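Listing of work_3.pdb; format and content: PDB, C-alpha atoms, pLDDT in the B column.
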```pdb
ATOM      1  CA  MET A1120      24.905 144.963  43.856  1.00 39.00           C
ATOM      2  CA  ARG A1121      24.382 146.972  46.997  1.00 37.00           C
ATOM      3  CA  ARG A1122      24.170 145.072  50.219  1.00 39.00           C
ATOM      4  CA  GLY A1123      20.482 145.850  50.917  1.00 37.00           C
ATOM      5  CA  HIS A1124      19.421 144.625  47.492  1.00 32.00           C
ATOM      6  CA  ALA A1125      21.013 141.197  47.965  1.00 32.00           C
ATOM      7  CA  GLY A1126      18.424 140.269  50.604  1.00 32.00           C
ATOM      8  CA  ILE A1127      15.570 141.292  48.315  1.00 28.00           C
ATOM      9  CA  VAL A1128      17.010 139.239  45.439  1.00 30.00           C
ATOM     10  CA  ILE A1129      17.402 136.179  47.670  1.00 30.00           C
ATOM     11  CA  ALA A1130      13.835 136.561  48.974  1.00 30.00           C
ATOM     12  CA  LEU A1131      12.472 136.869  45.424  1.00 28.00           C
ATOM     13  CA  CYS A1132      14.406 133.795  44.276  1.00 33.00           C
ATOM     14  CA  ALA A1133      13.096 131.753  47.218  1.00 33.00           C
ATOM     15  CA  SER A1134       9.493 132.832  46.651  1.00 30.00           C
ATOM     16  CA  THR A1135       9.787 132.126  42.921  1.00 33.00           C
ATOM     17  CA  LEU A1136      11.041 128.603  43.593  1.00 36.00           C
ATOM     18  CA  LEU A1137       8.240 127.877  46.042  1.00 37.00           C
ATOM     19  CA  ALA A1138       5.681 129.210  43.586  1.00 37.00           C
ATOM     20  CA  GLY A1139       6.674 126.475  41.139  1.00 40.00           C
ATOM     21  CA  CYS A1140       8.779 128.342  38.603  1.00 40.00           C
ATOM     22  CA  ALA A1141      11.285 126.307  36.639  1.00 44.00           C
ATOM     23  CA  GLY A1142      15.018 126.462  37.067  1.00 43.00           C
ATOM     24  CA  THR A1143      17.792 124.713  35.234  1.00 45.00           C
ATOM     25  CA  GLY A1144      20.671 124.741  37.700  1.00 44.00           C
ATOM     26  CA  PRO A1145      21.131 122.826  40.926  1.00 46.00           C
ATOM     27  CA  ALA A1146      18.916 124.265  43.646  1.00 55.00           C
ATOM     28  CA  GLU A1147      19.331 123.649  47.331  1.00 64.00           C
ATOM     29  CA  GLY A1148      16.985 120.940  48.580  1.00 79.00           C
ATOM     30  CA  LEU A1149      15.995 119.710  45.109  1.00 93.00           C
ATOM     31  CA  HIS A1150      16.911 116.290  43.773  1.00 95.00           C
ATOM     32  CA  GLN A1151      19.033 116.096  40.623  1.00 95.00           C
ATOM     33  CA  PRO A1152      18.645 113.312  38.023  1.00 97.00           C
ATOM     34  CA  GLU A1153      22.344 112.858  37.126  1.00 96.00           C
ATOM     35  CA  GLY A1154      23.275 109.185  36.894  1.00 97.00           C
ATOM     36  CA  ARG A1155      22.033 105.829  35.660  1.00 98.00           C
ATOM     37  CA  TRP A1156      18.499 104.710  36.585  1.00 98.00           C
ATOM     38  CA  GLU A1157      16.536 101.482  36.196  1.00 98.00           C
ATOM     39  CA  ILE A1158      12.786 100.887  35.932  1.00 98.00           C
ATOM     40  CA  ILE A1159      11.939  98.637  38.883  1.00 98.00           C
ATOM     41  CA  SER A1160       8.119  98.608  39.142  1.00 97.00           C
ATOM     42  CA  HIS A1161       4.942 100.286  37.941  1.00 96.00           C
ATOM     43  CA  ARG A1162       1.437 101.380  38.919  1.00 91.00           C
ATOM     44  CA  LEU A1163      -1.356 101.545  36.362  1.00 89.00           C
ATOM     45  CA  ALA A1164      -3.676 104.535  36.359  1.00 81.00           C
ATOM     46  CA  PRO A1165      -7.423 103.804  36.090  1.00 78.00           C
ATOM     47  CA  VAL A1166      -7.140 104.568  32.359  1.00 81.00           C
ATOM     48  CA  SER A1167      -3.902 103.486  30.703  1.00 89.00           C
ATOM     49  CA  ALA A1168      -2.604 103.030  27.153  1.00 94.00           C
ATOM     50  CA  MET A1169      -0.609  99.991  28.337  1.00 95.00           C
ATOM     51  CA  SER A1170      -1.738  96.700  29.759  1.00 95.00           C
ATOM     52  CA  ASP A1171      -0.211  95.459  32.983  1.00 95.00           C
ATOM     53  CA  ALA A1172       1.858  92.922  30.991  1.00 97.00           C
ATOM     54  CA  GLU A1173       3.159  95.634  28.617  1.00 97.00           C
ATOM     55  CA  ALA A1174       4.138  97.842  31.551  1.00 97.00           C
ATOM     56  CA  GLU A1175       5.854  94.923  33.283  1.00 97.00           C
ATOM     57  CA  SER A1176       7.926  94.305  30.133  1.00 97.00           C
ATOM     58  CA  TRP A1177       9.551  97.716  30.756  1.00 97.00           C
ATOM     59  CA  HIS A1178      11.015  96.561  34.091  1.00 98.00           C
ATOM     60  CA  GLY A1179      14.816  96.488  33.888  1.00 97.00           C
ATOM     61  CA  ARG A1180      15.074  99.129  31.145  1.00 97.00           C
ATOM     62  CA  SER A1181      17.569 101.857  31.937  1.00 97.00           C
ATOM     63  CA  LEU A1182      17.786 105.624  31.649  1.00 97.00           C
ATOM     64  CA  GLU A1183      20.837 107.807  31.959  1.00 98.00           C
ATOM     65  CA  PHE A1184      20.885 111.502  32.755  1.00 97.00           C
ATOM     66  CA  ARG A1185      24.104 113.498  32.309  1.00 96.00           C
ATOM     67  CA  GLY A1186      24.914 117.153  31.690  1.00 92.00           C
ATOM     68  CA  GLY A1187      25.799 116.531  28.030  1.00 94.00           C
ATOM     69  CA  SER A1188      23.174 113.909  27.156  1.00 96.00           C
ATOM     70  CA  ALA A1189      20.181 111.944  28.348  1.00 97.00           C
ATOM     71  CA  GLN A1190      19.410 108.409  27.214  1.00 97.00           C
ATOM     72  CA  LEU A1191      15.755 107.478  27.715  1.00 96.00           C
ATOM     73  CA  PRO A1192      14.172 104.089  26.987  1.00 93.00           C
ATOM     74  CA  GLU A1193      13.094 105.225  23.515  1.00 92.00           C
ATOM     75  CA  LYS A1194      14.940 108.500  22.876  1.00 94.00           C
ATOM     76  CA  ARG A1195      18.331 110.186  23.156  1.00 96.00           C
ATOM     77  CA  CYS A1196      18.686 113.875  23.986  1.00 95.00           C
ATOM     78  CA  ASP A1197      21.903 115.848  23.452  1.00 94.00           C
ATOM     79  CA  GLN A1198      22.556 118.920  25.631  1.00 94.00           C
ATOM     80  CA  PRO A1199      19.487 118.380  27.850  1.00 96.00           C
ATOM     81  CA  ILE A1200      18.131 121.024  30.166  1.00 96.00           C
ATOM     82  CA  TYR A1201      16.611 119.824  33.441  1.00 96.00           C
ATOM     83  CA  GLU A1202      13.842 122.132  34.643  1.00 96.00           C
ATOM     84  CA  HIS A1203      12.765 121.735  38.264  1.00 96.00           C
ATOM     85  CA  ARG A1204       9.614 123.020  39.925  1.00 95.00           C
ATOM     86  CA  LEU A1205       7.689 122.541  43.129  1.00 95.00           C
ATOM     87  CA  VAL A1206       3.894 122.247  42.980  1.00 92.00           C
ATOM     88  CA  GLU A1207       0.948 121.214  45.108  1.00 87.00           C
ATOM     89  CA  PRO A1208       0.476 117.487  44.309  1.00 83.00           C
ATOM     90  CA  GLU A1209      -3.277 117.903  43.829  1.00 79.00           C
ATOM     91  CA  SER A1210      -2.704 120.597  41.191  1.00 81.00           C
ATOM     92  CA  TYR A1211      -0.573 118.144  39.205  1.00 81.00           C
ATOM     93  CA  PHE A1212      -2.831 115.074  39.559  1.00 76.00           C
ATOM     94  CA  GLY A1213      -6.268 116.712  39.627  1.00 71.00           C
ATOM     95  CA  GLU A1214      -9.179 114.945  41.326  1.00 62.00           C
ATOM     96  CA  ALA A1215      -8.050 112.119  43.550  1.00 54.00           C
ATOM     97  CA  ASP A1216      -9.060 108.529  42.963  1.00 56.00           C
ATOM     98  CA  ASP A1217      -7.588 105.642  44.975  1.00 60.00           C
ATOM     99  CA  VAL A1218      -4.424 105.365  42.839  1.00 59.00           C
ATOM    100  CA  ARG A1219      -3.776 109.103  42.784  1.00 65.00           C
ATOM    101  CA  ALA A1220      -4.436 109.509  46.518  1.00 70.00           C
ATOM    102  CA  GLU A1221      -1.812 106.828  47.272  1.00 72.00           C
ATOM    103  CA  VAL A1222       0.684 108.383  44.831  1.00 76.00           C
ATOM    104  CA  VAL A1223       0.141 111.900  46.182  1.00 77.00           C
ATOM    105  CA  SER A1224       0.813 110.606  49.690  1.00 79.00           C
ATOM    106  CA  ASP A1225       4.083 108.985  48.524  1.00 79.00           C
ATOM    107  CA  LEU A1226       5.268 112.059  46.619  1.00 84.00           C
ATOM    108  CA  ARG A1227       4.702 114.756  49.235  1.00 84.00           C
ATOM    109  CA  ARG A1228       7.913 116.293  50.508  1.00 88.00           C
ATOM    110  CA  GLY A1229       8.223 117.490  54.095  1.00 86.00           C
ATOM    111  CA  ASP A1230       6.881 120.891  52.991  1.00 90.00           C
ATOM    112  CA  GLY A1231       3.839 119.224  51.374  1.00 87.00           C
ATOM    113  CA  LEU A1232       4.966 119.963  47.818  1.00 92.00           C
ATOM    114  CA  LEU A1233       5.895 117.703  44.895  1.00 92.00           C
ATOM    115  CA  GLN A1234       9.164 118.122  42.998  1.00 95.00           C
ATOM    116  CA  ILE A1235       8.843 117.692  39.247  1.00 96.00           C
ATOM    117  CA  THR A1236      11.794 117.592  36.858  1.00 97.00           C
ATOM    118  CA  GLU A1237      11.101 118.077  33.158  1.00 96.00           C
ATOM    119  CA  LEU A1238      13.650 117.203  30.481  1.00 97.00           C
ATOM    120  CA  VAL A1239      13.962 119.749  27.674  1.00 97.00           C
ATOM    121  CA  CYS A1240      15.546 118.590  24.404  1.00 94.00           C
ATOM    122  CA  GLU A1241      16.284 120.978  21.563  1.00 90.00           C
ATOM    123  CA  GLY A1242      14.196 123.714  23.129  1.00 92.00           C
ATOM    124  CA  ARG A1243      11.039 121.703  23.827  1.00 93.00           C
ATOM    125  CA  SER A1244       9.703 119.067  26.174  1.00 94.00           C
ATOM    126  CA  ALA A1245      11.301 115.661  25.585  1.00 94.00           C
ATOM    127  CA  GLY A1246       7.877 114.146  24.872  1.00 93.00           C
ATOM    128  CA  ALA A1247       9.133 110.657  25.723  1.00 95.00           C
ATOM    129  CA  ALA A1248       9.167 108.164  28.568  1.00 95.00           C
ATOM    130  CA  GLY A1249      11.591 109.599  31.117  1.00 96.00           C
ATOM    131  CA  GLY A1250      10.919 113.190  30.111  1.00 96.00           C
ATOM    132  CA  THR A1251       9.117 113.872  33.397  1.00 96.00           C
ATOM    133  CA  LEU A1252      10.233 112.740  36.834  1.00 96.00           C
ATOM    134  CA  LEU A1253       8.114 112.923  39.987  1.00 95.00           C
ATOM    135  CA  TRP A1254      10.472 112.571  42.924  1.00 95.00           C
ATOM    136  CA  LEU A1255       9.954 110.050  45.747  1.00 93.00           C
ATOM    137  CA  GLY A1256      13.413 110.683  47.250  1.00 93.00           C
ATOM    138  CA  GLU A1257      17.030 111.334  46.289  1.00 94.00           C
ATOM    139  CA  ASP A1258      17.402 107.995  44.472  1.00 97.00           C
ATOM    140  CA  ARG A1259      13.772 107.129  43.615  1.00 96.00           C
ATOM    141  CA  ALA A1260      11.290 108.758  41.270  1.00 96.00           C
ATOM    142  CA  LEU A1261       8.158 108.024  39.285  1.00 95.00           C
ATOM    143  CA  MET A1262       8.230 108.353  35.518  1.00 95.00           C
ATOM    144  CA  PRO A1263       4.695 108.869  34.111  1.00 94.00           C
ATOM    145  CA  TRP A1264       4.137 107.507  30.616  1.00 94.00           C
ATOM    146  CA  ASP A1265       1.022 106.318  28.738  1.00 93.00           C
ATOM    147  CA  GLY A1266      -1.093 106.158  31.895  1.00 90.00           C
ATOM    148  CA  VAL A1267       1.538 104.215  33.828  1.00 94.00           C
ATOM    149  CA  LEU A1268       3.642 105.449  36.717  1.00 93.00           C
ATOM    150  CA  PHE A1269       6.957 103.628  36.390  1.00 96.00           C
ATOM    151  CA  GLU A1270       9.124 103.646  39.478  1.00 97.00           C
ATOM    152  CA  ILE A1271      12.799 104.198  38.733  1.00 98.00           C
ATOM    153  CA  ARG A1272      15.780 103.864  41.042  1.00 98.00           C
ATOM    154  CA  ARG A1273      19.238 105.375  40.707  1.00 98.00           C
ATOM    155  CA  GLN A1274      21.892 102.660  40.278  1.00 96.00           C
TER     156      GLN A1274
END
```

Please go through the file and, once you have read it, give me the structure as C-alpha cells.
Amino acid sequence: MRRGHAGIVIALCASTLLAGCAGTGPAEGLHQPEGRWEIISHRLAPVSAMSDAEAESWHGRSLEFRGGSAQLPEKRCDQPIYEHRLVEPESYFGEADDVRAEVVSDLRRGDGLLQITELVCEGRSAGAAGGTLLWLGEDRALMPWDGVLFEIRRQ
C-alpha cells in the first residue's frame, strides 16, 4: 500500500467504527468480553416476560466468554464471533421512560455512545441470554433478556 493511501484507510476504518459497523477483532477503546462473568443484579423493564422473583433467581449464574467457546446460562457456543458496534443509546432503546432514561445515562461512554457486543454462533445471533452485552465499563455490562436487564460483572 502506498504511503498516502494508508491515511485514507485509517480514516475510513475510524469513521466506520463510529458509525456503528460491526467488527470481530479487538478494537482500540472497546471492551472485550473474554473471561468469566457472574449475574449480580437486575432491572425490570416496564414490560417483562419475567417476574422480579424469577429474575432474582438468575443472580449468581455464570457466563464464560473465550475465543474458542462461550458458555451462557442456557446455551453453549463453539467458535463464537464477538461483533462490536457503537451506537447512539436512544437509537438502541427507543423512546425513553424512567427505566430507559436511567439505563441510557449509565451506559453512555465519554463520547456519548453505547458499546454493544453481539455473540454470533454458527453464523447467526446467539438468540440466548448473554448473546448481547451493553457495556457499563471494562468489567461490568448489562445483559438484556426477556425484558430484564441483568447486570453482570467479570470475575

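Using all atoms listed in the file, the nearest neighbour of A:Ile1158 within the list A:Thr1251, A:Arg1185, A:Ala1260, A:Gly1266 is A:Ala1260.
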
Next item on the list: Choose the residue, out of A:Gln1190, A:Ser1170, A:Ser1160, A:Gln1198, that has the smallest atom-to-atom separation from A:Glu1241; count all atoms listed in the file.
Entry: A:Gln1198

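With only C-alpha atoms as the atoms that count, the residue of A:Glu1175, A:Glu1202, A:Glu1157, A:Glu1207 with the shortest distance to A:Val1239 is A:Glu1202.
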
Item checked: Pick from A:Leu1268, A:Ser1188, A:Gln1274, A:Phe1212, whichever lies nearest to A:Leu1163 using all atoms listed in the file -> A:Leu1268

Next item on the list: Would you mind reading off the distance between atom CA of A:Leu1149 and atom CA of A:Gly1179, one decimal, in Å?
Entry: 25.8 Å

Next item on the list: May I have the residues within 7 Å of A:Tyr1201 as a ChimeraX atom specification, using all atoms listed in the file and disregarding those fewer than 5 positions away in the same chain?
Entry: /A:1143,1236-1239

Next item on the list: Point out the residue among A:Leu1261, A:Ile1159, A:Gly1229, A:Pro1199 with the least atom-to-atom distance to A:Ala1248, counting all atoms listed in the file.
Entry: A:Leu1261

For the structure shown, which residues end up in the PyMOL selection byres ((chain A and resi 1208) around 12)? Put them as a compact mmCIF listing (two decimals) with C-alpha atoms, in the frame of the given file, please?
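Dumped to part.txt:
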```txt
# COMPACT_ATOMS: atom_id res chain seq x y z
CA GLY A 1139 6.67 126.48 41.14
CA ARG A 1204 9.61 123.02 39.92
CA LEU A 1205 7.69 122.54 43.13
CA VAL A 1206 3.89 122.25 42.98
CA GLU A 1207 0.95 121.21 45.11
CA GLU A 1209 -3.28 117.90 43.83
CA SER A 1210 -2.70 120.60 41.19
CA TYR A 1211 -0.57 118.14 39.20
CA PHE A 1212 -2.83 115.07 39.56
CA GLY A 1213 -6.27 116.71 39.63
CA GLU A 1214 -9.18 114.94 41.33
CA ALA A 1215 -8.05 112.12 43.55
CA ARG A 1219 -3.78 109.10 42.78
CA ALA A 1220 -4.44 109.51 46.52
CA GLU A 1221 -1.81 106.83 47.27
CA VAL A 1222 0.68 108.38 44.83
CA VAL A 1223 0.14 111.90 46.18
CA SER A 1224 0.81 110.61 49.69
CA ASP A 1225 4.08 108.98 48.52
CA LEU A 1226 5.27 112.06 46.62
CA ARG A 1227 4.70 114.76 49.24
CA ARG A 1228 7.91 116.29 50.51
CA ASP A 1230 6.88 120.89 52.99
CA GLY A 1231 3.84 119.22 51.37
CA LEU A 1232 4.97 119.96 47.82
CA LEU A 1233 5.90 117.70 44.90
CA GLN A 1234 9.16 118.12 43.00
CA ILE A 1235 8.84 117.69 39.25
CA LEU A 1253 8.11 112.92 39.99
CA TRP A 1254 10.47 112.57 42.92
```

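Around the coordinate (9.5, 113.0, 24.7), residues that reach within 9 Å when counting all atoms listed in the file are Leu1191, Glu1193, Lys1194, Leu1238, Val1239, Cys1240, Arg1243, Ser1244, Ala1245, Gly1246, Ala1247, Ala1248, Gly1249, Gly1250 and Thr1251 of chain A.
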
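The spacing separating atom CA of A:His1150 from atom CA of A:Ala1168 amounts to 28.9 Å.
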
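The environment of A:Met1169 within 12 Å, counting all atoms listed in the file and disregarding residues fewer than 5 places along the same chain, consists of A:His1161, A:Arg1162, A:Leu1163, A:Ala1164, A:Ala1174, A:Glu1175, A:Ser1176, A:Trp1177, A:Pro1263, A:Trp1264, A:Asp1265, A:Gly1266, A:Val1267, A:Leu1268, A:Phe1269.
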
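Note that the spacing between atom CA of A:Val1166 and atom CA of A:Arg1180 amounts to 22.9 Å.
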
Checklist line | Residue nearest A:Ile1271 among A:Gly1148, A:Gly1256, A:Gly1186, A:Pro1165 (counting all atoms listed in the file) | finding: A:Gly1256

Note to self: Running the PyMOL selection byres ((chain A and resi 1152) around 9) on this model by hand, what would come out? Give it as a ChimeraX atom specification.
What the structure shows: /A:1150-1151,1153-1156,1183-1185,1201,1236,1252,1257-1258,1273

Please dump the current selection as a tab-separated table (two decimals), keeping the file's coordinate frame; keep C-alpha atoms.
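Once everything was written out, this is again33.tsv:
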```tsv
chain	number	residue	atom	x	y	z
A	1150	HIS	CA	16.91	116.29	43.77
A	1151	GLN	CA	19.03	116.10	40.62
A	1153	GLU	CA	22.34	112.86	37.13
A	1154	GLY	CA	23.28	109.18	36.89
A	1155	ARG	CA	22.03	105.83	35.66
A	1156	TRP	CA	18.50	104.71	36.58
A	1183	GLU	CA	20.84	107.81	31.96
A	1184	PHE	CA	20.88	111.50	32.76
A	1185	ARG	CA	24.10	113.50	32.31
A	1201	TYR	CA	16.61	119.82	33.44
A	1236	THR	CA	11.79	117.59	36.86
A	1252	LEU	CA	10.23	112.74	36.83
A	1257	GLU	CA	17.03	111.33	46.29
A	1258	ASP	CA	17.40	108.00	44.47
A	1273	ARG	CA	19.24	105.38	40.71
```
